[in-house]
Structure formats: C-alpha cells, structure tokens
$ cat target14.pdb   # PDB, C-alpha atoms, pLDDT in the B column
ATOM      1  CA  MET A 284       1.348  16.408  10.462  1.00 73.00           C
ATOM      2  CA  SER A 285       3.301  13.663  12.205  1.00 72.00           C
ATOM      3  CA  LEU A 286       0.661  13.487  14.950  1.00 74.00           C
ATOM      4  CA  LEU A 287      -1.977  12.255  12.502  1.00 79.00           C
ATOM      5  CA  ALA A 288      -2.267   8.502  13.094  1.00 83.00           C
ATOM      6  CA  THR A 289      -2.949   6.491   9.931  1.00 84.00           C
ATOM      7  CA  SER A 290      -3.231   2.914   8.743  1.00 90.00           C
ATOM      8  CA  VAL A 291      -0.228   1.490   6.937  1.00 95.00           C
ATOM      9  CA  ALA A 292      -0.605  -0.185   3.554  1.00 96.00           C
ATOM     10  CA  ILE A 293       1.398  -1.365   0.572  1.00 97.00           C
ATOM     11  CA  ALA A 294       0.398   0.088  -2.800  1.00 97.00           C
ATOM     12  CA  THR A 295       1.411  -1.976  -5.836  1.00 96.00           C
ATOM     13  CA  THR A 296       1.036  -1.894  -9.590  1.00 96.00           C
ATOM     14  CA  ASP A 297       2.090  -4.002 -12.554  1.00 96.00           C
ATOM     15  CA  GLY A 298       1.566  -3.841 -16.282  1.00 95.00           C
ATOM     16  CA  SER A 299       3.158  -2.388 -19.403  1.00 96.00           C
ATOM     17  CA  ALA A 300       4.678   0.506 -17.394  1.00 95.00           C
ATOM     18  CA  GLY A 301       6.329  -1.961 -15.001  1.00 94.00           C
ATOM     19  CA  LYS A 302       6.037  -3.462 -11.538  1.00 94.00           C
ATOM     20  CA  ALA A 303       6.440  -1.373  -8.386  1.00 94.00           C
ATOM     21  CA  GLY A 304       5.318  -1.162  -4.793  1.00 95.00           C
ATOM     22  CA  ALA A 305       5.647   1.234  -1.873  1.00 95.00           C
ATOM     23  CA  THR A 306       4.504   1.635   1.707  1.00 95.00           C
ATOM     24  CA  VAL A 307       1.820   4.293   2.087  1.00 95.00           C
ATOM     25  CA  SER A 308       0.356   5.843   5.184  1.00 89.00           C
ATOM     26  CA  THR A 309      -1.832   8.373   3.438  1.00 90.00           C
ATOM     27  CA  LEU A 310      -4.937   6.539   2.293  1.00 91.00           C
ATOM     28  CA  SER A 311      -8.600   7.197   2.689  1.00 91.00           C
ATOM     29  CA  PRO A 312     -11.963   6.141   1.328  1.00 90.00           C
ATOM     30  CA  VAL A 313     -13.323   8.829  -0.975  1.00 94.00           C
ATOM     31  CA  SER A 314     -16.804   7.455  -1.503  1.00 91.00           C
ATOM     32  CA  ALA A 315     -18.660   4.342  -0.390  1.00 89.00           C
ATOM     33  CA  GLU A 316     -21.284   4.793  -3.114  1.00 89.00           C
ATOM     34  CA  SER A 317     -21.265   2.231  -5.864  1.00 87.00           C
ATOM     35  CA  PRO A 318     -18.672   1.997  -7.192  1.00 89.00           C
ATOM     36  CA  PRO A 319     -16.595   2.859  -4.114  1.00 95.00           C
ATOM     37  CA  SER A 320     -13.359   4.798  -4.456  1.00 96.00           C
ATOM     38  CA  LEU A 321     -10.273   5.426  -2.378  1.00 95.00           C
ATOM     39  CA  LEU A 322      -7.219   7.628  -2.504  1.00 96.00           C
ATOM     40  CA  ILE A 323      -3.569   7.219  -1.719  1.00 96.00           C
ATOM     41  CA  CYS A 324      -0.769   9.781  -1.758  1.00 95.00           C
ATOM     42  CA  LEU A 325       2.652   9.060  -3.238  1.00 95.00           C
ATOM     43  CA  HIS A 326       5.763  11.215  -3.536  1.00 93.00           C
ATOM     44  CA  HIS A 327       6.117  12.442  -7.117  1.00 92.00           C
ATOM     45  CA  LYS A 328       9.647  11.029  -7.458  1.00 91.00           C
ATOM     46  CA  THR A 329       8.724   7.424  -6.618  1.00 91.00           C
ATOM     47  CA  SER A 330       8.674   4.844  -9.366  1.00 91.00           C
ATOM     48  CA  VAL A 331       5.353   3.496  -8.073  1.00 94.00           C
ATOM     49  CA  ALA A 332       3.634   6.869  -8.645  1.00 95.00           C
ATOM     50  CA  GLN A 333       4.858   6.971 -12.239  1.00 95.00           C
ATOM     51  CA  LYS A 334       4.026   3.323 -12.910  1.00 96.00           C
ATOM     52  CA  ILE A 335       0.498   3.557 -11.478  1.00 97.00           C
ATOM     53  CA  GLN A 336      -0.146   6.392 -13.912  1.00 95.00           C
ATOM     54  CA  GLY A 337       1.227   4.287 -16.767  1.00 96.00           C
ATOM     55  CA  ASN A 338      -0.525   1.039 -15.818  1.00 97.00           C
ATOM     56  CA  LYS A 339      -3.817   2.738 -14.891  1.00 97.00           C
ATOM     57  CA  THR A 340      -4.329   0.229 -12.046  1.00 96.00           C
ATOM     58  CA  PHE A 341      -3.130  -0.290  -8.495  1.00 97.00           C
ATOM     59  CA  ALA A 342      -3.819  -2.413  -5.443  1.00 97.00           C
ATOM     60  CA  VAL A 343      -3.747  -1.468  -1.776  1.00 97.00           C
ATOM     61  CA  SER A 344      -3.078  -4.070   0.943  1.00 96.00           C
ATOM     62  CA  ILE A 345      -3.813  -2.931   4.519  1.00 95.00           C
ATOM     63  CA  LEU A 346      -1.163  -4.229   6.946  1.00 95.00           C
ATOM     64  CA  ASP A 347      -1.668  -5.672  10.413  1.00 93.00           C
ATOM     65  CA  GLU A 348       0.513  -5.193  13.484  1.00 91.00           C
ATOM     66  CA  THR A 349       2.646  -8.260  12.642  1.00 91.00           C
ATOM     67  CA  GLN A 350       3.646  -6.902   9.218  1.00 93.00           C
ATOM     68  CA  ARG A 351       6.016  -4.097  10.257  1.00 93.00           C
ATOM     69  CA  ASP A 352       8.956  -5.767   8.453  1.00 94.00           C
ATOM     70  CA  ILE A 353       7.219  -5.701   5.081  1.00 95.00           C
ATOM     71  CA  ALA A 354       6.171  -2.073   5.680  1.00 95.00           C
ATOM     72  CA  GLN A 355       9.811  -1.188   6.343  1.00 94.00           C
ATOM     73  CA  LEU A 356      11.024  -3.148   3.307  1.00 95.00           C
ATOM     74  CA  PHE A 357       8.613  -1.396   0.927  1.00 94.00           C
ATOM     75  CA  ALA A 358       9.431   1.969   2.562  1.00 92.00           C
ATOM     76  CA  GLY A 359      13.117   1.388   1.802  1.00 87.00           C
ATOM     77  CA  GLN A 360      14.019   1.047   5.483  1.00 76.00           C
ATOM     78  CA  SER A 361      15.292  -2.536   5.577  1.00 61.00           C
ATOM     79  CA  GLN A 362      18.940  -3.550   5.540  1.00 49.00           C
ATOM     80  CA  SER A 363      18.523  -5.342   2.206  1.00 43.00           C
ATOM     81  CA  SER A 364      17.224  -2.134   0.617  1.00 40.00           C
ATOM     82  CA  GLN A 365      19.949  -0.011   2.198  1.00 41.00           C
ATOM     83  CA  SER A 366      22.695  -2.277   0.931  1.00 41.00           C
ATOM     84  CA  GLN A 367      21.328  -1.858  -2.588  1.00 42.00           C
ATOM     85  CA  SER A 368      21.172   1.960  -2.462  1.00 41.00           C
ATOM     86  CA  SER A 369      23.410   2.286  -5.497  1.00 38.00           C
ATOM     87  CA  GLN A 370      20.933   0.341  -7.676  1.00 45.00           C
ATOM     88  CA  SER A 371      18.085   1.973  -9.585  1.00 45.00           C
ATOM     89  CA  GLN A 372      14.639   2.367  -8.017  1.00 49.00           C
ATOM     90  CA  SER A 373      13.027  -0.094 -10.413  1.00 49.00           C
ATOM     91  CA  SER A 374      15.510  -2.851  -9.620  1.00 50.00           C
ATOM     92  CA  GLN A 375      15.017  -2.148  -5.902  1.00 54.00           C
ATOM     93  CA  SER A 376      11.252  -2.594  -6.375  1.00 54.00           C
ATOM     94  CA  LYS A 377      11.881  -5.871  -8.151  1.00 56.00           C
ATOM     95  CA  ASP A 378      14.139  -6.966  -5.301  1.00 80.00           C
ATOM     96  CA  LYS A 379      11.455  -6.089  -2.725  1.00 89.00           C
ATOM     97  CA  PHE A 380       9.034  -8.378  -4.512  1.00 88.00           C
ATOM     98  CA  ASP A 381      11.702 -11.061  -5.015  1.00 86.00           C
ATOM     99  CA  LEU A 382      12.485 -11.089  -1.288  1.00 86.00           C
ATOM    100  CA  THR A 383       8.803 -11.570  -0.457  1.00 88.00           C
ATOM    101  CA  GLN A 384       7.458 -13.324  -3.562  1.00 84.00           C
ATOM    102  CA  HIS A 385       5.725 -16.086  -1.580  1.00 87.00           C
ATOM    103  CA  LEU A 386       3.531 -13.418   0.081  1.00 91.00           C
ATOM    104  CA  TRP A 387       1.974 -11.994  -3.095  1.00 94.00           C
ATOM    105  CA  GLN A 388      -0.861 -12.948  -5.420  1.00 91.00           C
ATOM    106  CA  GLN A 389      -1.617 -11.187  -8.695  1.00 91.00           C
ATOM    107  CA  THR A 390      -5.029  -9.519  -8.924  1.00 90.00           C
ATOM    108  CA  HIS A 391      -7.481  -9.273 -11.809  1.00 88.00           C
ATOM    109  CA  SER A 392      -6.035  -5.847 -12.682  1.00 88.00           C
ATOM    110  CA  SER A 393      -2.463  -7.292 -12.705  1.00 90.00           C
ATOM    111  CA  ALA A 394      -1.434  -5.419  -9.554  1.00 92.00           C
ATOM    112  CA  TRP A 395      -0.200  -7.437  -6.559  1.00 94.00           C
ATOM    113  CA  ARG A 396      -2.107  -8.318  -3.397  1.00 93.00           C
ATOM    114  CA  LEU A 397      -0.456  -9.196  -0.101  1.00 94.00           C
ATOM    115  CA  GLN A 398      -2.166 -12.527   0.630  1.00 90.00           C
ATOM    116  CA  ASP A 399      -2.228 -12.112   4.409  1.00 90.00           C
ATOM    117  CA  ALA A 400      -3.285  -8.445   4.504  1.00 94.00           C
ATOM    118  CA  LEU A 401      -6.101  -7.297   6.785  1.00 93.00           C
ATOM    119  CA  ALA A 402      -7.945  -6.080   3.718  1.00 93.00           C
ATOM    120  CA  PHE A 403      -7.226  -5.533   0.067  1.00 94.00           C
ATOM    121  CA  PHE A 404      -8.532  -3.149  -2.606  1.00 96.00           C
ATOM    122  CA  ASP A 405      -7.978  -3.637  -6.340  1.00 96.00           C
ATOM    123  CA  CYS A 406      -8.395  -0.303  -8.123  1.00 96.00           C
ATOM    124  CA  GLN A 407      -8.623   1.248 -11.559  1.00 97.00           C
ATOM    125  CA  LEU A 408      -7.002   4.673 -11.758  1.00 97.00           C
ATOM    126  CA  LEU A 409      -9.619   7.442 -11.958  1.00 96.00           C
ATOM    127  CA  GLN A 410      -7.459  10.480 -11.388  1.00 95.00           C
ATOM    128  CA  SER A 411      -3.968  11.510 -10.362  1.00 95.00           C
ATOM    129  CA  VAL A 412      -3.373  15.102  -9.293  1.00 95.00           C
ATOM    130  CA  ARG A 413      -0.022  16.611  -8.377  1.00 95.00           C
ATOM    131  CA  CYS A 414      -0.224  18.596  -5.149  1.00 94.00           C
ATOM    132  CA  GLN A 415       3.164  20.027  -4.206  1.00 95.00           C
ATOM    133  CA  SER A 416       5.548  17.103  -3.579  1.00 93.00           C
ATOM    134  CA  HIS A 417       2.941  14.335  -3.922  1.00 94.00           C
ATOM    135  CA  PHE A 418       0.429  12.813  -6.286  1.00 94.00           C
ATOM    136  CA  VAL A 419      -3.068  12.314  -4.907  1.00 96.00           C
ATOM    137  CA  VAL A 420      -4.116   9.095  -6.651  1.00 97.00           C
ATOM    138  CA  ILE A 421      -7.817   8.220  -6.727  1.00 97.00           C
ATOM    139  CA  GLY A 422      -8.977   4.777  -7.757  1.00 96.00           C
ATOM    140  CA  ARG A 423     -12.320   3.150  -8.470  1.00 96.00           C
ATOM    141  CA  VAL A 424     -12.460  -0.013  -6.382  1.00 96.00           C
ATOM    142  CA  LEU A 425     -12.880  -3.087  -8.598  1.00 95.00           C
ATOM    143  CA  ASP A 426     -12.567  -5.700  -5.854  1.00 94.00           C
ATOM    144  CA  ILE A 427     -12.411  -5.781  -2.053  1.00 92.00           C
ATOM    145  CA  ALA A 428     -11.345  -8.727   0.067  1.00 90.00           C
ATOM    146  CA  LEU A 429     -10.801  -9.253   3.772  1.00 88.00           C
ATOM    147  CA  GLY A 430      -7.817 -11.172   5.085  1.00 83.00           C
ATOM    148  CA  PRO A 431      -7.852 -14.849   5.960  1.00 77.00           C
ATOM    149  CA  SER A 432     -10.600 -15.860   8.353  1.00 66.00           C
ATOM    150  CA  GLY A 433     -10.067 -18.161  11.287  1.00 52.00           C
ATOM    151  CA  ARG A 434      -7.130 -16.213  12.702  1.00 58.00           C
ATOM    152  CA  LYS A 435      -7.201 -14.360  15.967  1.00 65.00           C
ATOM    153  CA  ARG A 436      -8.638 -10.889  15.474  1.00 73.00           C
ATOM    154  CA  ARG A 437      -5.783  -8.809  14.100  1.00 82.00           C
ATOM    155  CA  LYS A 438      -5.256  -5.103  14.637  1.00 87.00           C
ATOM    156  CA  PRO A 439      -4.041  -2.690  11.961  1.00 90.00           C
ATOM    157  CA  LEU A 440      -0.490  -1.422  11.855  1.00 93.00           C
ATOM    158  CA  ILE A 441      -0.540   2.312  12.590  1.00 90.00           C
ATOM    159  CA  TYR A 442       1.933   5.068  11.702  1.00 90.00           C
ATOM    160  CA  ALA A 443       2.090   8.096  14.027  1.00 86.00           C
ATOM    161  CA  SER A 444       4.800  10.417  15.348  1.00 83.00           C
ATOM    162  CA  ARG A 445       7.153   9.121  12.629  1.00 83.00           C
ATOM    163  CA  ALA A 446       7.015   5.538  13.917  1.00 85.00           C
ATOM    164  CA  TYR A 447       5.065   2.328  13.438  1.00 85.00           C
ATOM    165  CA  THR A 448       2.803   1.539  16.366  1.00 83.00           C
ATOM    166  CA  MET A 449      -0.122  -0.666  17.314  1.00 76.00           C
ATOM    167  CA  LEU A 450      -3.537  -0.206  18.831  1.00 75.00           C
ATOM    168  CA  SER A 451      -3.276  -1.163  22.484  1.00 73.00           C
ATOM    169  CA  ASP A 452      -6.942  -1.436  23.423  1.00 65.00           C
ATOM    170  CA  PRO A 453      -9.834  -3.084  21.637  1.00 62.00           C
ATOM    171  CA  PRO A 454     -11.758  -0.557  19.558  1.00 62.00           C
ATOM    172  CA  ILE A 455     -14.727   1.123  21.208  1.00 69.00           C
ATOM    173  CA  ARG A 456     -17.762   0.764  18.985  1.00 72.00           C
ATOM    174  CA  THR A 457     -20.158   3.659  18.742  1.00 71.00           C
ATOM    175  CA  THR A 458     -23.748   3.445  17.657  1.00 66.00           C
TER     176      THR A 458
END
$ encode --input "target14.pdb" --output "structure tokens"
Amino acid sequence: MSLLATSVAIATTDGSAGKAGATVSTLSPVSAESPPSLLICLHHKTSVAQKIQGNKTFAVSILDETQRDIAQLFAGQSQSSQSQSSQSQSSQSKDKFDLTQHLWQQTHSSAWRLQDALAFFDCQLLQSVRCQSHFVVIGRVLDIALGPSGRKRRKPLIYASRAYTMLSDPPIRTT
C-alpha cells in the first residue's frame, strides 16, 4: 500500500461536536455529477473522525509542496505535538489550530479552510462507514475553491513510500 502515491490534504470540522483537524492522504472524488462528492479515510480512533460524524460537516484543503510543515503538524509529527503527547487529543487539535490560526478561514459549514491551499472542498456528511481500522467518510461538496491566483504554478504535496515528496516534472497532459 505504501507505493500508492496520493495527494496530501488537511481535513477539518467544527460545530457542536467540537473542532478537529488531521492530515489525510486517502482522498478521492466519488462523483463529479451534480452535486459532486468526495471521500476521505480516517482512523477510527482519531478525534476528527468522531467529530465529523457529530458535526455532519467537514472541509478538505489540498496542500502544495511548500506546506509539508502543516501536513506534519496535523499528522502529529511536529516537535510541538510531540512535546504535548501527554495531553488529550482534543487539546492537541486545538493547539494545532492555535499554532497556525492565521492560516485558517471558517467556511459556510463551520469547518476550517486553509487559506493558501491548492484547492478546498466544503462538504456535508453523506455517509460514514467503518471498514476495519478506518472510517470511509463520504461528503456532498457544498463549495469548491481554488487557491490564490497570481502565484507561480504550485505543485501538490504527495505522500508515497511513507514519506512526503513532490512532483519533479511538469504534468503531461493527455487528450
């Protein structure tokens, strides 16, 4: 499985069940038909999986190659997260957002959007299915936005072989 290269994103939620966010590398469009839908996979023990189910909404921000640090922070791989390992998961999530609060903007659904993401999807929860150790979470896309224009063409951050990596060549377009 580690050889499957995937985009890296941050999934967030907020509402009556609480605020949470996590790095995800399992995401995929489900349908482009109106309304479009997409899925993400989250470990069943994460607070974000539980809170998405409670809030019934989530947002997905696709990261670019310059955003490895935020991917590591929301994956629990940064030094600030490691030093807080004795704290509860929910307070760690709050701290992740506190450390990066200037980067976020609240969406119409109350989830959080990374302002400088390559792309962003605001979703309403359609279905959440437990499959072994993970929840497959499917959302109806309420809003889609591309990242800031005017910047040099950015490439997505990729996760493969258990490491973050980047695309080295420009994409080859097929017809």
$ closest_residue --input "target14.pdb" --among "A:Cys324, A:Val307, A:Ala292, A:Ala354" --to "Val412 (chain A)" --atoms "all atoms listed in the file"
A:Cys324
$ closest_residue --input "target14.pdb" --among "A:Ala443, A:Leu382, A:Leu429, A:Ile335" --to "Ala300 (chain A)" --atoms "all atoms listed in the file"
A:Ile335
$ resolve_selection --input "target14.pdb" --expression "the PyMOL selection byres ((chain A and resi 293) around 9)" --output "number ranges by chain"
A: 291-292, 294-295, 304-308, 342-346, 353-354, 357-358, 396-397
$ atom_distance --input "target14.pdb" --atom1 "CA of Ile421 (chain A)" --atom2 "CA of Thr349 (chain A)"
27.5 Å
$ closest_residue --input "target14.pdb" --among "A:Val424, A:Asp352, A:Leu401, A:Arg437" --to "Met449 (chain A)" --atoms "all atoms listed in the file"
A:Arg437
$ resolve_selection --input "target14.pdb" --expression "the PyMOL selection byres ((chain A and resi 428) around 6)" --output "mmCIF file with C-alpha atoms, keeping the file's coordinate frame"
data_model
loop_
_atom_site.group_PDB
_atom_site.id
_atom_site.type_symbol
_atom_site.label_atom_id
_atom_site.label_comp_id
_atom_site.auth_asym_id
_atom_site.auth_seq_id
_atom_site.Cartn_x
_atom_site.Cartn_y
_atom_site.Cartn_z
ATOM 1 C CA ALA A 402 -7.945 -6.080 3.718
ATOM 2 C CA PHE A 403 -7.226 -5.533 0.067
ATOM 3 C CA ILE A 427 -12.411 -5.781 -2.053
ATOM 4 C CA LEU A 429 -10.801 -9.253 3.772
#
$ closest_residue --input "target14.pdb" --among "A:Phe341, A:Tyr442, A:Trp395, A:Trp387" --to "Gln407 (chain A)" --atoms "all atoms listed in the file"
A:Phe341
$ closest_residue --input "target14.pdb" --among "A:Ala446, A:Leu286, A:Leu440, A:Cys406" --to "Ile323 (chain A)" --atoms "all atoms listed in the file"
A:Cys406
$ resolve_selection --input "target14.pdb" --expression "the PyMOL selection byres ((chain A and resi 386) around 8)" --output "PyMOL selection string"
chain A and resi 383-385+387-388+397-399
$ closest_residue --input "target14.pdb" --among "A:Ser314, A:Ser330, A:Thr390, A:Thr457" --to "Gly422 (chain A)" --atoms "all atoms listed in the file"
A:Ser314
$ atom_distance --input "target14.pdb" --atom1 "CA of Lys328 (chain A)" --atom2 "CA of Asp378 (chain A)"
18.7 Å
$ build_atoms --input "target14.pdb" --residues "region 330-351 of chain A" --atoms "N, CA and C atoms" --output "short mmCIF file (atom, residue, chain, number, x, y, z; two decimals), in the coordinates of the input"
data_model
loop_
_atom_site.label_atom_id
_atom_site.label_comp_id
_atom_site.auth_asym_id
_atom_site.auth_seq_id
_atom_site.Cartn_x
_atom_site.Cartn_y
_atom_site.Cartn_z
N SER A 330 8.98 5.60 -8.15
CA SER A 330 8.67 4.84 -9.37
C SER A 330 7.24 4.32 -9.33
N VAL A 331 6.72 4.03 -8.14
CA VAL A 331 5.35 3.50 -8.07
C VAL A 331 4.34 4.55 -8.52
N ALA A 332 4.56 5.81 -8.21
CA ALA A 332 3.63 6.87 -8.64
C ALA A 332 3.61 6.95 -10.17
N GLN A 333 4.77 6.90 -10.78
CA GLN A 333 4.86 6.97 -12.24
C GLN A 333 4.24 5.72 -12.89
N LYS A 334 4.51 4.57 -12.31
CA LYS A 334 4.03 3.32 -12.91
C LYS A 334 2.52 3.13 -12.74
N ILE A 335 1.96 3.60 -11.64
CA ILE A 335 0.50 3.56 -11.48
C ILE A 335 -0.15 4.39 -12.58
N GLN A 336 0.41 5.55 -12.85
CA GLN A 336 -0.15 6.39 -13.91
C GLN A 336 -0.04 5.71 -15.27
N GLY A 337 1.06 4.99 -15.50
CA GLY A 337 1.23 4.29 -16.77
C GLY A 337 0.37 3.05 -16.89
N ASN A 338 0.24 2.29 -15.79
CA ASN A 338 -0.52 1.04 -15.82
C ASN A 338 -2.03 1.26 -15.68
N LYS A 339 -2.41 2.38 -15.10
CA LYS A 339 -3.82 2.74 -14.89
C LYS A 339 -4.52 1.84 -13.88
N THR A 340 -3.76 1.08 -13.10
CA THR A 340 -4.33 0.23 -12.05
C THR A 340 -3.38 0.22 -10.85
N PHE A 341 -3.94 -0.10 -9.68
CA PHE A 341 -3.13 -0.29 -8.49
C PHE A 341 -3.92 -1.10 -7.48
N ALA A 342 -3.20 -1.67 -6.53
CA ALA A 342 -3.82 -2.41 -5.44
C ALA A 342 -3.30 -1.85 -4.13
N VAL A 343 -4.12 -1.93 -3.11
CA VAL A 343 -3.75 -1.47 -1.78
C VAL A 343 -4.00 -2.60 -0.79
N SER A 344 -2.97 -3.02 -0.08
CA SER A 344 -3.08 -4.07 0.94
C SER A 344 -2.87 -3.43 2.31
N ILE A 345 -3.88 -3.51 3.18
CA ILE A 345 -3.81 -2.93 4.52
C ILE A 345 -3.05 -3.89 5.43
N LEU A 346 -2.03 -3.38 6.13
CA LEU A 346 -1.16 -4.23 6.95
C LEU A 346 -1.67 -4.35 8.38
N ASP A 347 -1.35 -5.49 9.00
CA ASP A 347 -1.67 -5.67 10.41
C ASP A 347 -0.40 -5.48 11.25
N GLU A 348 -0.58 -5.51 12.56
CA GLU A 348 0.51 -5.19 13.48
C GLU A 348 1.70 -6.15 13.40
N THR A 349 1.54 -7.31 12.78
CA THR A 349 2.65 -8.26 12.64
C THR A 349 3.45 -8.02 11.36
N GLN A 350 3.04 -7.07 10.54
CA GLN A 350 3.65 -6.90 9.22
C GLN A 350 4.54 -5.66 9.11
N ARG A 351 5.12 -5.26 10.22
CA ARG A 351 6.02 -4.10 10.26
C ARG A 351 7.22 -4.30 9.33
#
